[in-house]
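Worksheet for the structure shown next.
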Amino acid sequence: MLRFVARRLLLTIPLLVGISLISFLMIHMAPGGPISLTTDLNPRATAEARTRLEKYYGLDKPLHVQYGRWLARMATLDFGESFSPDGRPVAEKIRERIPITLTINILSMGLIFLVAIPIGIYSAVRQGSLFDRVSTVFVFTGFSIPTFWLALLLMILFGVKLGWLPISGIGSLEYQSLTVMGKIADRARHLLLPVLLAGFTGLAGMSRYMRSNMLEVIRQDYIASARAKGLPERRVIYIHAMRNAILPVITILGLSVPELLGGSVIFETIFAIPGMGQLFYQGVMARDYPLIMGILTIGAFLTLLGNLLADVGYALADPRIRQG
Amino acid sequence: MSGNAGIRRDFARRLLRNRLTVAGGLVIALFFLVAAFPALFTSQNPDRIDVATILQPPSAAHPLGTDDLGRDVLSRVVYGARVSMKVGFVAVGIATSVGLVIGLLSGFYGRRVDAVLMRFVDIMLCFPTFFLILSVIAFLSPSIVNIMVVIGLTGWMGVARLVRAETLSLKERDFVAAARAQGAGTLRIIFRHVLPNTLAPILVAATLGVAGAILTESALSFLGIGVQPPTPSWGNILTVGKNYIEFAWWLSLFPGLAILITVLGYNLLGEGIRDAADPRLKGR
C-alpha cells in the first residue's frame with residue numbers, strides 16, 4: 001500500500017510542474033504582459049505602482065528566472081497583494097473564504113452520496129419499472145437544467161412566494177444575538193438551498209453512474225453463483241452486488257471536485273455567500289489578477305488532491321488496484 | 001459499399017425507434033428553425049425599447065411579457081437562440097478538432113508523443129474548467145467570439161482521450177495490418193481506416209458537448225461575463241430577471257425554459273446516438 005501511495009505521489013510531480021507552468025504562462029499570455037494590464041486598465045496606477053509590480057514579477061530578469069522566483073513564492077502560498085483598494089495579501093483573503101465553500105461542497109457531496117446511490121441501485125434492480133423511468137427523466141433534467149435558473153425558481157418559490165427561506169447571505173441580521181441552537185438553525189436555513197443546488201447536477205450524474213455500474217455487476221458470473229447457491233435475493237443485491245458496484249463511485253467523488261468548485265462561483269454569487277467562488281467572481285469583475293491567479297492555482301491543487309484521495313481510497317477498498 | 005449502407009440503415013432504424021431520441025431530434029430541428037428564421041416566430045424587434053410597456057406580464061401583444069426596458073421577451077428569446085446555437089456549434093467544433101488531432105497523434109504514434117500529450121491532458125483536467133474559462137475571459141474581454149474560443153479550448157480533453165483509446169485499439173486490428181501490408185501510408189490508414197471507426201463516439205461526445213457549451217455560455221452571460229447586452233442571449237435575459245425576481249416572474253421563467261428544453265434535446269439525442277451505435281450498451 002505504501003508503495004502504491006509513493007508511486008502515485010511521484011506521478012503528481014509532473015502534474016504540479018505543469019499546473020504551475022500554465023498558470024505562470026497565463027499571466028504572460030495577456031497582451032502587453034502583466035504590467036500594462038494592471039496599469040492600463042487602472043487609471044490611478046502611478047509610476048510607483050508600476051515599479052512595485054515590476055519588482056513583484058521580477059520582469060527585468062529572464063523568463064526562467066522569473067518562473068523560478070514565482071514558483072518559490074507559490075510554494076509558500078505567497079500570491080502577492082490584491083489589486084482591490086484594501087490591498088491585502090491574496091492568501092489571507094482566500095483563507096477567510098475557503099471554510100464556507102468547503103462546508104457547502106462537503107455537505108452537498110454527502111447529499112449526493114445519500115440520495116444518488118439508493119436511486120441508482122433501485123433503478124438498476126428494477127430496470128424498466130416506473131421508478132426507473134421516473135428517475136431517468138429526473139437524471140436527464142438534472143443534466144440539462146441550468147443551475148442558476150433553478151436557483152432563481154427556488155428563490156421565487158421559497159423566498160418570495162412562500163417566504164419560508166432566506167434568499168441571500170449565510171446569516172440573518174440578528175445572527176449575533178441568537179442562542180447557540182438559534183445560530184445553528186439560522187445557518188442551516190440559509191445553507192439549505194445552496195447545498196441542494198450544489199448537489200443537484202452531481203446527483204443526476206452519480207445516480208446514472210451507480211445505475212450502470214449496478215447493471216454491469218448484476219450480469220456477472222459471481223452474482224449468478226450467489227443466486228445458485230440459494231442466497232436470498234436481498235443478500236445477493238445488497239451485499240454481493242452493491243459492494244462491487246459502489247467501488248468506482250469513490251473515484252467519481254474525488255473527480256467531482258473541479259465541477260463542485262466551478263459551481264460554487266454560480267451559487268455563491270446568486271445567494272450572496274461570502275465564499276471562494278464569490279471572491280473569484282469579484283476578482284474577475286475587478287480584473288484583480290493576483291487574486292484570480294491565486295484562486296485558479298488553489299483550485300487546481302484542490303482538484304489534484306481530490307484525484308489523489310480518490311485513487312488512494314480506491315486502492316484501500318480494492319486490493320486489485322494496489323497490485324496493478 | 002452496400003455493406004456500409006446496410007449498417008447505416010440499421011443505425012437509422014435503431015435511432016428512430018427510440019421515442020426520446022426522436023423527441024430530442026425534433027426539439028433541435030425546431031431550434032435550428034428558430035435560429036435560422038427568427039422572423040417566422042416573432043414580428044417584434046428584440047432591441048426596440050418602449051417606455052410605455054415596461055415590465056408587463058404576458059399578454060396577447062407580448063406573449064412572454066416585456067423586460068425592464070419595455071422590450072418584447074418572446075423576440076429576445078427567439079433571437080437569443082441564435083447566440084446559443086452559434087456558441088454551441090463553434091465551441092464544440094473547436095473542441096472536437098483539437099481533441100481529434102491530439103487523440104490521433106497520441107494514439108497513433110504512441111510512446112513519447114503519447115506520454116507528453118496525455119500528461120498535458122491530465123494537467124488541463126486539473127484546472128476546474130469554469131475557473132479556467134472565467135480567468136481567461138478576465139484577461140481578454142467578454143465577447144461572443146472569445147467565449148466560443150475559450151469554451152472550445154477548455155473542452156477538448158474528453159474527445160482527445162476518447163479518440164486516443166479508439167485509435168490505440170484500432171491500429172492493432174487485422175484490417176489495419178492488412179492495409180499496411182498492401183502498402184497504405186500513414187495518412188491513408190488514419191483517414192480511411194481509423195477515423196471512420198471513431199466517428200460514432202465522437203458524434204456522441206460532440207452532441208453532448210453542444211449541450212454543455214450552451215449551458216456554460218448561459219451561465220457566463222448570466223454572470224455578466226458572457227454575451228454582452230444589448231445582444232440578447234438566454235443567459236443575459238435571466239440576469240435582468242434576477243433583478244426583478246420579486247415582481248416579474250416571466251423574465252426568469254421563459255429564457256430558462258428555453259435553455260432547459262434545448263439542452264435536454266441535445267442530451268437525449270446524444271444518448272440516443274450512443275445506444276443506436278452500440279446496442280449492447282442500451283439502457284445503461
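Ordered as shown in the C-alpha cells, chains take letters A, B, and onward, while each chain numbers its residues from 1 and ligands are numbered from 1 in the order shown.
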Show me which bits of chain A are within 7 Å of chain B, counting only C-alpha atoms, as a PDB file with N, CA and C atoms, in the first residue's frame.
```pdb
ATOM      1  N   LEU A  15       2.616  16.749 -12.872  1.00  0.00           N
ATOM      2  CA  LEU A  15       1.362  17.499 -12.950  1.00  0.00           C
ATOM      3  C   LEU A  15       1.497  18.850 -12.254  1.00  0.00           C
ATOM      4  N   GLY A  18       3.420  21.126 -14.359  1.00  0.00           N
ATOM      5  CA  GLY A  18       2.587  21.568 -15.475  1.00  0.00           C
ATOM      6  C   GLY A  18       1.589  22.637 -15.063  1.00  0.00           C
ATOM      7  N   ILE A  19       0.909  22.391 -13.933  1.00  0.00           N
ATOM      8  CA  ILE A  19      -0.064  23.370 -13.444  1.00  0.00           C
ATOM      9  C   ILE A  19       0.612  24.717 -13.244  1.00  0.00           C
ATOM     10  N   ALA A  30      -1.243  37.455 -21.495  1.00  0.00           N
ATOM     11  CA  ALA A  30      -2.053  38.650 -21.649  1.00  0.00           C
ATOM     12  C   ALA A  30      -1.320  39.673 -22.505  1.00  0.00           C
ATOM     13  N   PHE A 140     -32.008  13.113 -16.549  1.00  0.00           N
ATOM     14  CA  PHE A 140     -31.783  13.926 -17.743  1.00  0.00           C
ATOM     15  C   PHE A 140     -32.099  15.387 -17.495  1.00  0.00           C
ATOM     16  N   THR A 141     -33.154  15.626 -16.715  1.00  0.00           N
ATOM     17  CA  THR A 141     -33.451  17.015 -16.367  1.00  0.00           C
ATOM     18  C   THR A 141     -32.297  17.591 -15.563  1.00  0.00           C
ATOM     19  N   SER A 144     -29.568  18.706 -17.675  1.00  0.00           N
ATOM     20  CA  SER A 144     -29.865  19.742 -18.662  1.00  0.00           C
ATOM     21  C   SER A 144     -30.267  21.077 -18.057  1.00  0.00           C
ATOM     22  N   ILE A 145     -30.614  21.091 -16.786  1.00  0.00           N
ATOM     23  CA  ILE A 145     -31.148  22.317 -16.213  1.00  0.00           C
ATOM     24  C   ILE A 145     -30.002  23.266 -15.842  1.00  0.00           C
ATOM     25  N   PRO A 146     -30.119  24.546 -16.207  1.00  0.00           N
ATOM     26  CA  PRO A 146     -29.092  25.485 -15.760  1.00  0.00           C
ATOM     27  C   PRO A 146     -29.246  25.722 -14.249  1.00  0.00           C
ATOM     28  N   TRP A 149     -30.615  28.989 -13.059  1.00  0.00           N
ATOM     29  CA  TRP A 149     -32.040  29.190 -13.313  1.00  0.00           C
ATOM     30  C   TRP A 149     -32.875  28.475 -12.239  1.00  0.00           C
ATOM     31  N   LEU A 152     -32.922  30.549  -9.292  1.00  0.00           N
ATOM     32  CA  LEU A 152     -33.881  31.653  -9.382  1.00  0.00           C
ATOM     33  C   LEU A 152     -35.293  31.158  -9.086  1.00  0.00           C
ATOM     34  N   ILE A 156     -37.738  32.287  -6.075  1.00  0.00           N
ATOM     35  CA  ILE A 156     -39.078  32.840  -6.251  1.00  0.00           C
ATOM     36  C   ILE A 156     -40.072  32.053  -5.399  1.00  0.00           C
ATOM     37  N   VAL A 160     -39.725  34.221  -2.144  1.00  0.00           N
ATOM     38  CA  VAL A 160     -40.649  35.319  -2.409  1.00  0.00           C
ATOM     39  C   VAL A 160     -42.098  34.919  -2.176  1.00  0.00           C
ATOM     40  N   SER A 212     -25.621   2.294 -13.915  1.00  0.00           N
ATOM     41  CA  SER A 212     -24.958   1.494 -14.948  1.00  0.00           C
ATOM     42  C   SER A 212     -23.943   0.540 -14.337  1.00  0.00           C
ATOM     43  N   PRO A 258     -13.472  19.471  -9.240  1.00  0.00           N
ATOM     44  CA  PRO A 258     -13.449  20.683 -10.083  1.00  0.00           C
ATOM     45  C   PRO A 258     -14.839  21.187 -10.441  1.00  0.00           C
ATOM     46  N   GLU A 259     -15.787  20.264 -10.670  1.00  0.00           N
ATOM     47  CA  GLU A 259     -17.131  20.717 -11.010  1.00  0.00           C
ATOM     48  C   GLU A 259     -17.792  21.433  -9.838  1.00  0.00           C
ATOM     49  N   LEU A 261     -16.277  22.984  -7.425  1.00  0.00           N
ATOM     50  CA  LEU A 261     -15.634  24.288  -7.246  1.00  0.00           C
ATOM     51  C   LEU A 261     -16.159  25.295  -8.262  1.00  0.00           C
ATOM     52  N   GLY A 262     -16.260  24.864  -9.530  1.00  0.00           N
ATOM     53  CA  GLY A 262     -16.762  25.753 -10.562  1.00  0.00           C
ATOM     54  C   GLY A 262     -18.190  26.173 -10.258  1.00  0.00           C
ATOM     55  N   VAL A 284     -12.700  38.476 -10.873  1.00  0.00           N
ATOM     56  CA  VAL A 284     -12.809  38.521 -12.326  1.00  0.00           C
ATOM     57  C   VAL A 284     -13.432  39.841 -12.767  1.00  0.00           C
ATOM     58  N   ARG A 287     -10.959  42.528 -12.394  1.00  0.00           N
ATOM     59  CA  ARG A 287      -9.674  42.209 -13.027  1.00  0.00           C
ATOM     60  C   ARG A 287      -8.535  42.256 -12.019  1.00  0.00           C
ATOM     61  N   ILE A 292      -7.126  36.331  -8.982  1.00  0.00           N
ATOM     62  CA  ILE A 292      -7.567  35.323  -9.954  1.00  0.00           C
ATOM     63  C   ILE A 292      -6.554  34.183 -10.038  1.00  0.00           C
ATOM     64  N   LEU A 296      -7.150  30.317  -8.995  1.00  0.00           N
ATOM     65  CA  LEU A 296      -7.027  29.315 -10.055  1.00  0.00           C
ATOM     66  C   LEU A 296      -6.015  28.247  -9.648  1.00  0.00           C
ATOM     67  N   GLY A 299      -7.412  26.157  -6.845  1.00  0.00           N
ATOM     68  CA  GLY A 299      -8.436  25.271  -7.404  1.00  0.00           C
ATOM     69  C   GLY A 299      -7.804  24.050  -8.053  1.00  0.00           C
ATOM     70  N   ALA A 300      -6.718  24.273  -8.798  1.00  0.00           N
ATOM     71  CA  ALA A 300      -6.047  23.162  -9.461  1.00  0.00           C
ATOM     72  C   ALA A 300      -5.428  22.209  -8.436  1.00  0.00           C
ATOM     73  N   THR A 303      -8.102  20.102  -6.904  1.00  0.00           N
ATOM     74  CA  THR A 303      -8.509  19.056  -7.839  1.00  0.00           C
ATOM     75  C   THR A 303      -7.518  17.902  -7.825  1.00  0.00           C
ATOM     76  N   LEU A 304      -6.234  18.261  -7.848  1.00  0.00           N
ATOM     77  CA  LEU A 304      -5.183  17.255  -7.820  1.00  0.00           C
ATOM     78  C   LEU A 304      -5.296  16.412  -6.545  1.00  0.00           C
TER      79      LEU A 304
END
```
In terms of the shortest atom-to-atom distance over only C-alpha atoms, which of B:Ala35, B:Ala12, B:Ile102, B:Ala95 is closest to Ser75 of chain B?
-> B:Ala35
Determine which residues of segment 53-242 of chain A DSSP labels as alpha helix (DSSP H) from the backbone of this structure, then write them out as an NGL selection string.
-> :A and (53-57 or 63-75 or 90-125 or 130-144 or 147-154 or 180-218 or 221-228 or 233-235 or 242)
Name all residues at most 12 Å from Gly159 of chain A (count only C-alpha atoms; drop same-chain ones fewer than 2 positions away) and give them as JSON, numbers by chain.
-> {"A": [151, 152, 153, 154, 155, 156, 157, 161, 162, 163, 164, 165, 166, 167, 168, 189, 190, 192, 193, 271], "B": [245, 246]}
Please save N, CA and C atoms of the selected residues as a compact mmCIF listing (two decimals), in the first residue's frame.
```
# COMPACT_ATOMS: atom_id res chain seq x y z
N ALA A 151 -31.92 27.93 -9.33
CA ALA A 151 -31.76 28.75 -8.13
C ALA A 151 -32.78 29.90 -8.14
N LEU A 152 -32.92 30.55 -9.29
CA LEU A 152 -33.88 31.65 -9.38
C LEU A 152 -35.29 31.16 -9.09
N LEU A 153 -35.65 30.01 -9.68
CA LEU A 153 -37.00 29.49 -9.48
C LEU A 153 -37.24 29.16 -8.01
N LEU A 154 -36.25 28.51 -7.38
CA LEU A 154 -36.42 28.16 -5.97
C LEU A 154 -36.48 29.41 -5.10
N MET A 155 -35.73 30.44 -5.50
CA MET A 155 -35.78 31.70 -4.75
C MET A 155 -37.18 32.31 -4.85
N ILE A 156 -37.74 32.29 -6.08
CA ILE A 156 -39.08 32.84 -6.25
C ILE A 156 -40.07 32.05 -5.40
N LEU A 157 -39.96 30.70 -5.47
CA LEU A 157 -40.93 29.86 -4.77
C LEU A 157 -40.79 29.96 -3.25
N LYS A 161 -42.56 33.84 -2.84
CA LYS A 161 -43.97 33.47 -2.74
C LYS A 161 -44.33 32.90 -1.37
N LEU A 162 -43.55 31.90 -0.91
CA LEU A 162 -43.89 31.24 0.34
C LEU A 162 -43.23 31.92 1.55
N GLY A 163 -42.11 32.57 1.30
CA GLY A 163 -41.42 33.24 2.40
C GLY A 163 -40.85 32.30 3.46
N TRP A 164 -40.55 31.05 3.08
CA TRP A 164 -40.05 30.09 4.06
C TRP A 164 -38.56 30.22 4.33
N LEU A 165 -37.82 30.53 3.27
CA LEU A 165 -36.37 30.51 3.40
C LEU A 165 -35.76 31.84 2.99
N PRO A 166 -34.66 32.21 3.63
CA PRO A 166 -33.96 33.43 3.22
C PRO A 166 -33.30 33.19 1.86
N ILE A 167 -33.15 34.25 1.07
CA ILE A 167 -32.60 34.02 -0.27
C ILE A 167 -31.20 34.59 -0.45
N SER A 168 -30.62 35.16 0.60
CA SER A 168 -29.23 35.58 0.40
C SER A 168 -28.45 35.59 1.70
N ARG A 189 -30.91 27.18 7.76
CA ARG A 189 -31.92 27.73 6.86
C ARG A 189 -31.27 28.47 5.68
N HIS A 190 -30.17 29.16 5.96
CA HIS A 190 -29.50 29.89 4.89
C HIS A 190 -28.76 28.96 3.92
N LEU A 192 -29.56 25.75 3.24
CA LEU A 192 -30.36 24.68 2.66
C LEU A 192 -30.42 24.75 1.13
N LEU A 193 -30.86 25.87 0.59
CA LEU A 193 -30.97 25.99 -0.87
C LEU A 193 -29.62 25.87 -1.58
N PHE A 271 -26.59 33.51 -4.30
CA PHE A 271 -27.10 33.58 -2.93
C PHE A 271 -26.28 34.51 -2.04
N ILE B 245 -36.81 39.82 -9.64
CA ILE B 245 -37.32 38.50 -9.27
C ILE B 245 -38.61 38.59 -8.45
N GLU B 246 -38.79 39.70 -7.73
CA GLU B 246 -39.94 39.76 -6.84
C GLU B 246 -41.23 40.11 -7.54
```
Selection: 7 Å around His193 of chain B, only C-alpha atoms, excl. self and same-chain fewer than 4 positions, as number ranges by chain | B: 176, 189, 197
May I have the selected residues written with C-alpha atoms, as a CSV table (one decimal), in the first residue's frame?
```csv
chain,number,residue,atom,x,y,z
B,176,VAL,CA,-5.3,-2.1,-40.4
B,189,ILE,CA,-4.7,4.4,-42.7
B,197,ASN,CA,-14.4,3.9,-36.9
```
Find, counting only C-alpha atoms, the residue in A:Met210, A:Asn307, A:Met26, A:Tyr122 that gets nearest to Val134 of chain A.
-> A:Tyr122
In Å and to one decimal, atom CA of Pro38 of chain B is distant from atom CA of Ile237 of chain B by 17.1 Å
Contacts of segment 21-25 of chain B at 7 Å or less, counting only C-alpha atoms, minus same-chain residues fewer than 3 places along, as a list in words?
-> Leu15, Leu16, Asn18, Ile28, Ala29, Gly265, Tyr266, Leu268, Leu269 and Gly272 of chain B
Dump of N, CA and C atoms for the selected residues, as a CSV table (one decimal), in the first residue's frame:
```csv
chain,number,residue,atom,x,y,z
B,15,LEU,N,-32.1,4.3,-34.3
B,15,LEU,CA,-32.2,5.7,-33.8
B,15,LEU,C,-33.6,6.2,-33.8
B,16,LEU,N,-34.4,5.8,-34.8
B,16,LEU,CA,-35.8,6.3,-34.9
B,16,LEU,C,-36.7,5.5,-34.0
B,18,ASN,N,-36.3,4.8,-30.9
B,18,ASN,CA,-36.3,5.4,-29.6
B,18,ASN,C,-37.1,6.7,-29.6
B,28,ILE,N,-34.3,19.9,-31.4
B,28,ILE,CA,-33.2,20.6,-32.0
B,28,ILE,C,-33.5,21.1,-33.4
B,29,ALA,N,-34.3,20.4,-34.2
B,29,ALA,CA,-34.7,20.8,-35.5
B,29,ALA,C,-35.5,22.1,-35.3
B,265,GLY,N,-32.8,18.4,-25.3
B,265,GLY,CA,-32.9,17.9,-26.6
B,265,GLY,C,-31.5,17.3,-27.1
B,266,TYR,N,-30.5,18.1,-26.9
B,266,TYR,CA,-29.1,17.6,-27.2
B,266,TYR,C,-28.7,16.4,-26.4
B,268,LEU,N,-30.7,14.1,-25.0
B,268,LEU,CA,-31.4,12.9,-25.4
B,268,LEU,C,-30.9,12.4,-26.7
B,269,LEU,N,-30.6,13.3,-27.6
B,269,LEU,CA,-30.1,12.9,-29.0
B,269,LEU,C,-28.8,12.2,-28.8
B,272,GLY,N,-29.2,8.8,-27.4
B,272,GLY,CA,-29.8,8.0,-28.5
B,272,GLY,C,-28.8,7.5,-29.5
```
Å distance separating atom CA of Arg161 of chain B from atom CA of Gly205 of chain A, one decimal place |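 Interatomic distance here is 19.8 Å.
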